[in-house]
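**Q** I have a structure here, written as structure tokens, and I will follow up with some questions on it.
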Amino acid sequence: MEKLIITAAICGAEVTKKDNSNVPYTVEEIVKEAKFAYDAGASIIHLHVRDDSGIPTQSFERFKVCIDGIRKECPDVIIEPSTGGAVGMNNDERLSPVFLKPEIASLDCGTCNFGKDDIFVNTEDTIRYFVKKMNEFGVKPEIEVFDKGMIDTALRLHKEKLLKAPLQFNFVMGVRGGIGASLMDLAFMKASIPEDSAFTVTGIGKAQFTMAAMAIVAGGHVRVGFEDNIYIRKGVLAKSNGEMVEKAVRISREIGREIATPKEAREILHLI
Ligand code: KMH
Ligand code: ZN
């Protein structure tokens with residue numbers, strides 16, 4: 001089987017130090033967490049940034065400093081900034097890291113309830129605007145889908161040649177408001193994308209490692225990290241993103257699937 005690409009979503013925008021004191025905020029903490037994840041086997045860092053007090057920001061300068069810092073410690077890692085940011089941010093704010101011309105960035109392909117009282121808004125016009133900017137700056141979109149209809153939206157844009165093959169999907173499964181996190185849900189999502197696409201599975205909360213195991217067996221790739229889950233096992237807070245990556249590596253190796261280096265990940269995702 002193709003080697004496994006592990007993405008570490010080291011920080012996110014929602015989780016705080018109150019949830020787990022190891023969630024990184026400062027540049028130094030973000031770089032340290034990226035390095036732990038990279039050393040453990042992550043080839044992609046999915047990056048959100050915060051100000052020092054922990055408030056999510058899409059500041060161009062903050063992204064630049066964090067990316068430069070990560071680059072120093074993890075020279076070949078793939079850095080994938082978020083264009084999702086946090087609920088409530090405006091489009092131009094969200095797009096700012098694209099102007100740093102990363103190899104890849106997230107592209108959220110639909111609107112959904114996000115938790116009990118938040119709505120994560122991505123209208124079709126927004127998605128088109130983001131794709132055009134990403135194409136203009138040579139950034140590959142990782143298509144984030146929180147539900148099956150978002151795959152259909154992406155495929156519509158693909159048909160119009162706005163999104164170019166091979167597509168890279170991230171199935172985010174178990175968000176309150178999105179698709180669930182079960183084997184049946186994953187089979188449905190996998191069957192809905194073109195055969196030449198790649199997919200990563202992100203299981204939210206307690207679904208993180210069960211969905212990771214399913215993705216590994218199904219030929220997909222895996223995302224873990226504080227953005228999506230704060231526990232290493234039931235009731236035990238994770239010490240670092242590195243600890244979560246190590247667990248994904250162990251599961252994969254037990255099943256007989258080796259881990260991709262950043263160079264191999266670039267080949268698999270056609271980034272080179
Ligand atoms: N923070 C969420 C509202 C992404 O990175 O593109 C959106 C999110 C998705 O995290
Ligand atoms: Zn994110």
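Residues in the structure tokens are named by chain (A, B, ... in the order shown) and by number from 1 within that chain; ligands are numbered from 1 in the order shown.
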Write out as a ChimeraX atom specification the residues lying within 10 Å of segment 56-58 of chain A, counting only C-alpha atoms and excluding same-chain residues fewer than 6 positions away.
**A** /A:11-14,25,48-50,81-87,89-90,92-97
**Q** Got time to write the residues from that selection, N, CA, C and O atoms, as a short mmCIF file (atom, residue, chain, number, x, y, z; two decimals), in the first residue's frame?
**A**
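Output contents, as saved in out26.cif:
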```
data_model
loop_
_atom_site.label_atom_id
_atom_site.label_comp_id
_atom_site.auth_asym_id
_atom_site.auth_seq_id
_atom_site.Cartn_x
_atom_site.Cartn_y
_atom_site.Cartn_z
N CYS A 11 -2.56 23.28 16.28
CA CYS A 11 -3.03 24.40 17.11
C CYS A 11 -4.53 24.67 16.95
O CYS A 11 -5.25 24.75 17.93
N GLY A 12 -4.98 24.82 15.70
CA GLY A 12 -6.39 25.11 15.47
C GLY A 12 -6.76 26.50 15.96
O GLY A 12 -5.90 27.31 16.34
N ALA A 13 -8.07 26.75 15.96
CA ALA A 13 -8.54 28.08 16.36
C ALA A 13 -9.50 28.00 17.54
O ALA A 13 -9.81 29.01 18.15
N GLU A 14 -9.97 26.81 17.85
CA GLU A 14 -11.04 26.69 18.86
C GLU A 14 -10.53 26.24 20.22
O GLU A 14 -10.96 26.73 21.25
N TYR A 25 0.35 28.64 21.64
CA TYR A 25 -0.10 29.98 21.22
C TYR A 25 1.06 30.80 20.62
O TYR A 25 0.94 31.34 19.54
N HIS A 48 -2.65 26.94 11.96
CA HIS A 48 -3.37 28.14 12.39
C HIS A 48 -2.40 28.89 13.28
O HIS A 48 -1.52 28.28 13.89
N VAL A 49 -2.59 30.21 13.39
CA VAL A 49 -1.74 30.94 14.32
C VAL A 49 -2.59 31.75 15.29
O VAL A 49 -3.78 31.99 15.03
N ARG A 50 -1.99 32.12 16.40
CA ARG A 50 -2.66 32.86 17.48
C ARG A 50 -1.80 34.06 17.85
O ARG A 50 -0.61 34.08 17.59
N PRO A 81 -1.00 26.29 5.56
CA PRO A 81 -1.77 27.24 6.36
C PRO A 81 -3.27 27.06 6.17
O PRO A 81 -3.72 26.59 5.12
N SER A 82 -4.00 27.48 7.18
CA SER A 82 -5.46 27.43 7.12
C SER A 82 -6.00 28.69 6.46
O SER A 82 -5.56 29.79 6.77
N THR A 83 -6.96 28.51 5.56
CA THR A 83 -7.73 29.68 5.10
C THR A 83 -9.13 29.63 5.72
O THR A 83 -10.01 30.40 5.33
N GLY A 84 -9.30 28.71 6.66
CA GLY A 84 -10.57 28.65 7.41
C GLY A 84 -10.56 29.65 8.55
O GLY A 84 -11.57 30.26 8.88
N GLY A 85 -9.37 29.79 9.15
CA GLY A 85 -9.24 30.70 10.29
C GLY A 85 -10.17 30.28 11.41
O GLY A 85 -10.24 29.10 11.77
N ALA A 86 -10.88 31.24 11.93
CA ALA A 86 -11.86 30.97 13.00
C ALA A 86 -13.22 31.47 12.54
O ALA A 86 -13.30 32.38 11.70
N VAL A 87 -14.27 30.87 13.09
CA VAL A 87 -15.64 31.28 12.76
C VAL A 87 -15.76 32.80 12.95
O VAL A 87 -15.30 33.35 13.96
N MET A 89 -14.45 35.21 10.96
CA MET A 89 -13.44 36.03 10.26
C MET A 89 -13.93 36.34 8.85
O MET A 89 -14.63 35.52 8.24
N ASN A 90 -13.49 37.47 8.30
CA ASN A 90 -13.93 37.77 6.93
C ASN A 90 -13.01 37.14 5.88
O ASN A 90 -11.91 36.67 6.20
N ASP A 92 -11.15 38.22 3.31
CA ASP A 92 -9.81 38.71 3.00
C ASP A 92 -8.83 38.43 4.12
O ASP A 92 -7.67 38.11 3.87
N GLU A 93 -9.33 38.50 5.34
CA GLU A 93 -8.52 38.11 6.50
C GLU A 93 -8.09 36.65 6.34
O GLU A 93 -6.91 36.31 6.46
N ARG A 94 -9.04 35.82 6.05
CA ARG A 94 -8.78 34.37 5.96
C ARG A 94 -7.77 34.03 4.87
O ARG A 94 -7.00 33.08 4.99
N LEU A 95 -7.80 34.82 3.80
CA LEU A 95 -6.94 34.50 2.64
C LEU A 95 -5.47 34.90 2.84
O LEU A 95 -4.62 34.47 2.06
N SER A 96 -5.18 35.68 3.87
CA SER A 96 -3.85 36.31 3.94
C SER A 96 -2.66 35.33 3.81
O SER A 96 -1.70 35.65 3.13
N PRO A 97 -2.70 34.13 4.40
CA PRO A 97 -1.50 33.28 4.25
C PRO A 97 -1.25 32.80 2.82
O PRO A 97 -0.13 32.39 2.49
#
```
**Q** So that I can see what lies close to segment 168-170 of chain A, please list as a PyMOL selection string the residues with an atom at most 9 Å from it, counting only C-alpha atoms and leaving out residues fewer than 4 positions away in the same chain.
**A** chain A and resi 106+140-146+151+193+197-202+221-223+269
**Q** Those same residues, written as a PDB file, in the first residue's frame with N, CA and C atoms?
**A**
```pdb
ATOM      1  N   SER A 106      -5.537  25.060   3.102  1.00  0.00           N
ATOM      2  CA  SER A 106      -6.878  24.466   3.207  1.00  0.00           C
ATOM      3  C   SER A 106      -7.898  25.313   2.445  1.00  0.00           C
ATOM      4  N   LYS A 140      -1.723  24.781  -3.941  1.00  0.00           N
ATOM      5  CA  LYS A 140      -2.670  23.664  -4.124  1.00  0.00           C
ATOM      6  C   LYS A 140      -3.706  23.686  -3.002  1.00  0.00           C
ATOM      7  N   PRO A 141      -4.997  23.651  -3.358  1.00  0.00           N
ATOM      8  CA  PRO A 141      -6.007  23.603  -2.288  1.00  0.00           C
ATOM      9  C   PRO A 141      -6.149  22.182  -1.737  1.00  0.00           C
ATOM     10  N   GLU A 142      -6.124  22.050  -0.414  1.00  0.00           N
ATOM     11  CA  GLU A 142      -6.586  20.807   0.198  1.00  0.00           C
ATOM     12  C   GLU A 142      -8.061  21.054   0.506  1.00  0.00           C
ATOM     13  N   ILE A 143      -8.905  20.245  -0.110  1.00  0.00           N
ATOM     14  CA  ILE A 143     -10.352  20.486  -0.064  1.00  0.00           C
ATOM     15  C   ILE A 143     -10.916  19.925   1.245  1.00  0.00           C
ATOM     16  N   GLU A 144     -11.285  20.835   2.155  1.00  0.00           N
ATOM     17  CA  GLU A 144     -11.816  20.408   3.456  1.00  0.00           C
ATOM     18  C   GLU A 144     -13.313  20.197   3.311  1.00  0.00           C
ATOM     19  N   VAL A 145     -13.763  19.005   3.631  1.00  0.00           N
ATOM     20  CA  VAL A 145     -15.201  18.741   3.538  1.00  0.00           C
ATOM     21  C   VAL A 145     -15.712  18.219   4.876  1.00  0.00           C
ATOM     22  N   PHE A 146     -16.761  18.844   5.340  1.00  0.00           N
ATOM     23  CA  PHE A 146     -17.355  18.493   6.638  1.00  0.00           C
ATOM     24  C   PHE A 146     -18.626  17.695   6.427  1.00  0.00           C
ATOM     25  N   ILE A 151     -18.381  17.767  -0.997  1.00  0.00           N
ATOM     26  CA  ILE A 151     -17.663  17.063  -2.074  1.00  0.00           C
ATOM     27  C   ILE A 151     -18.308  17.427  -3.402  1.00  0.00           C
ATOM     28  N   ILE A 193     -15.623  10.438  -4.256  1.00  0.00           N
ATOM     29  CA  ILE A 193     -14.568  11.274  -4.862  1.00  0.00           C
ATOM     30  C   ILE A 193     -13.953  10.540  -6.062  1.00  0.00           C
ATOM     31  N   SER A 197      -8.100  10.835  -6.894  1.00  0.00           N
ATOM     32  CA  SER A 197      -7.867  11.820  -5.822  1.00  0.00           C
ATOM     33  C   SER A 197      -7.224  11.132  -4.627  1.00  0.00           C
ATOM     34  N   ALA A 198      -6.611  11.949  -3.779  1.00  0.00           N
ATOM     35  CA  ALA A 198      -6.113  11.444  -2.495  1.00  0.00           C
ATOM     36  C   ALA A 198      -7.042  11.967  -1.402  1.00  0.00           C
ATOM     37  N   PHE A 199      -7.101  11.237  -0.289  1.00  0.00           N
ATOM     38  CA  PHE A 199      -7.907  11.755   0.822  1.00  0.00           C
ATOM     39  C   PHE A 199      -7.228  11.525   2.169  1.00  0.00           C
ATOM     40  N   THR A 200      -7.450  12.496   3.027  1.00  0.00           N
ATOM     41  CA  THR A 200      -6.989  12.427   4.410  1.00  0.00           C
ATOM     42  C   THR A 200      -8.235  12.345   5.270  1.00  0.00           C
ATOM     43  N   VAL A 201      -8.133  11.652   6.391  1.00  0.00           N
ATOM     44  CA  VAL A 201      -9.276  11.596   7.308  1.00  0.00           C
ATOM     45  C   VAL A 201      -8.898  12.261   8.632  1.00  0.00           C
ATOM     46  N   THR A 202      -9.758  13.172   9.056  1.00  0.00           N
ATOM     47  CA  THR A 202      -9.613  13.855  10.340  1.00  0.00           C
ATOM     48  C   THR A 202     -10.797  13.463  11.210  1.00  0.00           C
ATOM     49  N   HIS A 221      -5.097   8.937   4.029  1.00  0.00           N
ATOM     50  CA  HIS A 221      -4.061   9.488   4.887  1.00  0.00           C
ATOM     51  C   HIS A 221      -4.716  10.002   6.173  1.00  0.00           C
ATOM     52  N   VAL A 222      -3.892  10.456   7.112  1.00  0.00           N
ATOM     53  CA  VAL A 222      -4.409  10.719   8.452  1.00  0.00           C
ATOM     54  C   VAL A 222      -4.006  12.099   8.962  1.00  0.00           C
ATOM     55  N   ARG A 223      -4.956  12.760   9.619  1.00  0.00           N
ATOM     56  CA  ARG A 223      -4.613  13.989  10.343  1.00  0.00           C
ATOM     57  C   ARG A 223      -4.904  13.793  11.818  1.00  0.00           C
ATOM     58  N   LEU A 269       1.193  13.673  -3.390  1.00  0.00           N
ATOM     59  CA  LEU A 269       0.219  14.760  -3.567  1.00  0.00           C
ATOM     60  C   LEU A 269       0.483  15.610  -4.814  1.00  0.00           C
TER      61      LEU A 269
END
```
**Q** Among segment 187-260 of chain A, which ones does DSSP place in strand (DSSP E), written as a VMD selection string?
**A** chain A and resid 198 to 203 221 to 224 231 to 233 236 to 237
**Q** Restricting the output to N, CA and C atoms, write the selected residues as a PDB file, in the first residue's frame.
**A**
```pdb
ATOM      1  N   ALA A 198      -6.611  11.949  -3.779  1.00  0.00           N
ATOM      2  CA  ALA A 198      -6.113  11.444  -2.495  1.00  0.00           C
ATOM      3  C   ALA A 198      -7.042  11.967  -1.402  1.00  0.00           C
ATOM      4  N   PHE A 199      -7.101  11.237  -0.289  1.00  0.00           N
ATOM      5  CA  PHE A 199      -7.907  11.755   0.822  1.00  0.00           C
ATOM      6  C   PHE A 199      -7.228  11.525   2.169  1.00  0.00           C
ATOM      7  N   THR A 200      -7.450  12.496   3.027  1.00  0.00           N
ATOM      8  CA  THR A 200      -6.989  12.427   4.410  1.00  0.00           C
ATOM      9  C   THR A 200      -8.235  12.345   5.270  1.00  0.00           C
ATOM     10  N   VAL A 201      -8.133  11.652   6.391  1.00  0.00           N
ATOM     11  CA  VAL A 201      -9.276  11.596   7.308  1.00  0.00           C
ATOM     12  C   VAL A 201      -8.898  12.261   8.632  1.00  0.00           C
ATOM     13  N   THR A 202      -9.758  13.172   9.056  1.00  0.00           N
ATOM     14  CA  THR A 202      -9.613  13.855  10.340  1.00  0.00           C
ATOM     15  C   THR A 202     -10.797  13.463  11.210  1.00  0.00           C
ATOM     16  N   GLY A 203     -10.546  12.668  12.220  1.00  0.00           N
ATOM     17  CA  GLY A 203     -11.618  12.302  13.159  1.00  0.00           C
ATOM     18  C   GLY A 203     -11.592  13.290  14.318  1.00  0.00           C
ATOM     19  N   HIS A 221      -5.097   8.937   4.029  1.00  0.00           N
ATOM     20  CA  HIS A 221      -4.061   9.488   4.887  1.00  0.00           C
ATOM     21  C   HIS A 221      -4.716  10.002   6.173  1.00  0.00           C
ATOM     22  N   VAL A 222      -3.892  10.456   7.112  1.00  0.00           N
ATOM     23  CA  VAL A 222      -4.409  10.719   8.452  1.00  0.00           C
ATOM     24  C   VAL A 222      -4.006  12.099   8.962  1.00  0.00           C
ATOM     25  N   ARG A 223      -4.956  12.760   9.619  1.00  0.00           N
ATOM     26  CA  ARG A 223      -4.613  13.989  10.343  1.00  0.00           C
ATOM     27  C   ARG A 223      -4.904  13.793  11.818  1.00  0.00           C
ATOM     28  N   VAL A 224      -3.952  14.191  12.657  1.00  0.00           N
ATOM     29  CA  VAL A 224      -4.156  14.201  14.109  1.00  0.00           C
ATOM     30  C   VAL A 224      -3.658  15.537  14.650  1.00  0.00           C
ATOM     31  N   TYR A 231      -7.027  14.560  23.609  1.00  0.00           N
ATOM     32  CA  TYR A 231      -6.718  13.366  24.417  1.00  0.00           C
ATOM     33  C   TYR A 231      -5.858  12.352  23.657  1.00  0.00           C
ATOM     34  N   ILE A 232      -4.959  11.722  24.369  1.00  0.00           N
ATOM     35  CA  ILE A 232      -4.175  10.645  23.746  1.00  0.00           C
ATOM     36  C   ILE A 232      -4.929   9.305  23.874  1.00  0.00           C
ATOM     37  N   ARG A 233      -5.666   9.185  24.957  1.00  0.00           N
ATOM     38  CA  ARG A 233      -6.611   8.072  25.122  1.00  0.00           C
ATOM     39  C   ARG A 233      -7.684   8.550  26.084  1.00  0.00           C
ATOM     40  N   VAL A 236      -7.164  10.874  29.200  1.00  0.00           N
ATOM     41  CA  VAL A 236      -5.755  11.260  29.382  1.00  0.00           C
ATOM     42  C   VAL A 236      -5.387  12.335  28.355  1.00  0.00           C
ATOM     43  N   LEU A 237      -5.078  13.526  28.859  1.00  0.00           N
ATOM     44  CA  LEU A 237      -4.730  14.623  27.947  1.00  0.00           C
ATOM     45  C   LEU A 237      -3.417  14.321  27.226  1.00  0.00           C
TER      46      LEU A 237
END
```
**Q** Which residue is closest to Glu33 of chain A? Choose from A:Phe188, A:Phe209, A:Tyr129, A:Phe226 and count only C-alpha atoms.
**A**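 For Glu33 of chain A, the nearest of the candidates is A:Phe226.
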**Q** Rank A:Leu4, A:Leu47, A:Val98, A:Leu183 by their smallest atom-to-atom distance to ligand 2, using only C-alpha atoms and all ligand atoms, and report the top residue only.
**A**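 Smallest separation from ligand 2 among the options: A:Leu47.
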**Q** Quick one: distance from atom CA of Asp196 of chain A to atom CA of Asn229 of chain A in Å, one decimal?
**A** 29.4 Å
**Q** Name all residues at most 12 Å from Ala212 of chain A (count only C-alpha atoms; drop same-chain ones fewer than 2 positions away) and give them as number ranges by chain.
**A** A: 4-7, 171-173, 181-183, 186, 199-210, 214-225, 244-245, 247-252, 255
**Q** As an exercise, work out the distance from atom CA of Glu243 of chain A to atom CA of Ala9 of chain A in Å and give it to one decimal place.
**A**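 Atom CA of Ala9 of chain A lies at a distance of 12.7 Å from atom CA of Glu243 of chain A.
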**Q** Check the smallest atom-to-atom distance from each of A:Met134, A:Leu271, A:Leu100, A:Met1 to Gly256 of chain A using only C-alpha atoms, then report the winner.
**A**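 Comparing A:Met134, A:Leu271, A:Leu100, A:Met1 against Gly256 of chain A, the winner is A:Met1.
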**Q** What's around segment 115-121 of chain A at 9 Å? Count only C-alpha atoms, leave out sequence neighbours fewer than 3 positions away in its own chain, and write the answer as a PyMOL selection string.
**A** chain A and resi 84+86-88+110-112+126+175-177
**Q** Those same residues, written as a PDB file, in the first residue's frame with C-alpha atoms?
**A**
```
ATOM      1  CA  GLY A  84     -10.571  28.655   7.406  1.00  0.00           C
ATOM      2  CA  ALA A  86     -11.858  30.974  12.997  1.00  0.00           C
ATOM      3  CA  VAL A  87     -15.637  31.281  12.764  1.00  0.00           C
ATOM      4  CA  GLY A  88     -16.604  34.909  12.078  1.00  0.00           C
ATOM      5  CA  GLY A 110     -19.248  24.574   2.290  1.00  0.00           C
ATOM      6  CA  THR A 111     -21.167  26.116   5.148  1.00  0.00           C
ATOM      7  CA  CYS A 112     -22.107  24.127   8.231  1.00  0.00           C
ATOM      8  CA  THR A 126     -16.425  32.611  -1.267  1.00  0.00           C
ATOM      9  CA  VAL A 175     -17.840  17.945  13.831  1.00  0.00           C
ATOM     10  CA  ARG A 176     -21.109  18.794  15.588  1.00  0.00           C
ATOM     11  CA  GLY A 177     -23.073  19.948  12.522  1.00  0.00           C
TER      12      GLY A 177
END
```
**Q** Find the distance between atom CA of Lys190 of chain A and atom CA of Lys132 of chain A and write it in Å to one decimal.
**A**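 Taking atom CA of Lys190 of chain A as the start and atom CA of Lys132 of chain A as the end point, the length is 25.8 Å.
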**Q** Can you list, as a PyMOL selection string, all residues belonging to segment 53-268 of chain A that DSSP tags as alpha helix (DSSP H)?
**A** chain A and resi 60-73+91-95+124-136+148-159+183-191+208-218+241-255+262-268
**Q** Choose the residue, out of A:Leu107, A:Ala213, A:Ala40, A:Ile67, that has the smallest atom-to-atom separation from ligand 2; count only C-alpha atoms and all ligand atoms.
**A**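 Under the stated criterion, the closest residue is A:Leu107.
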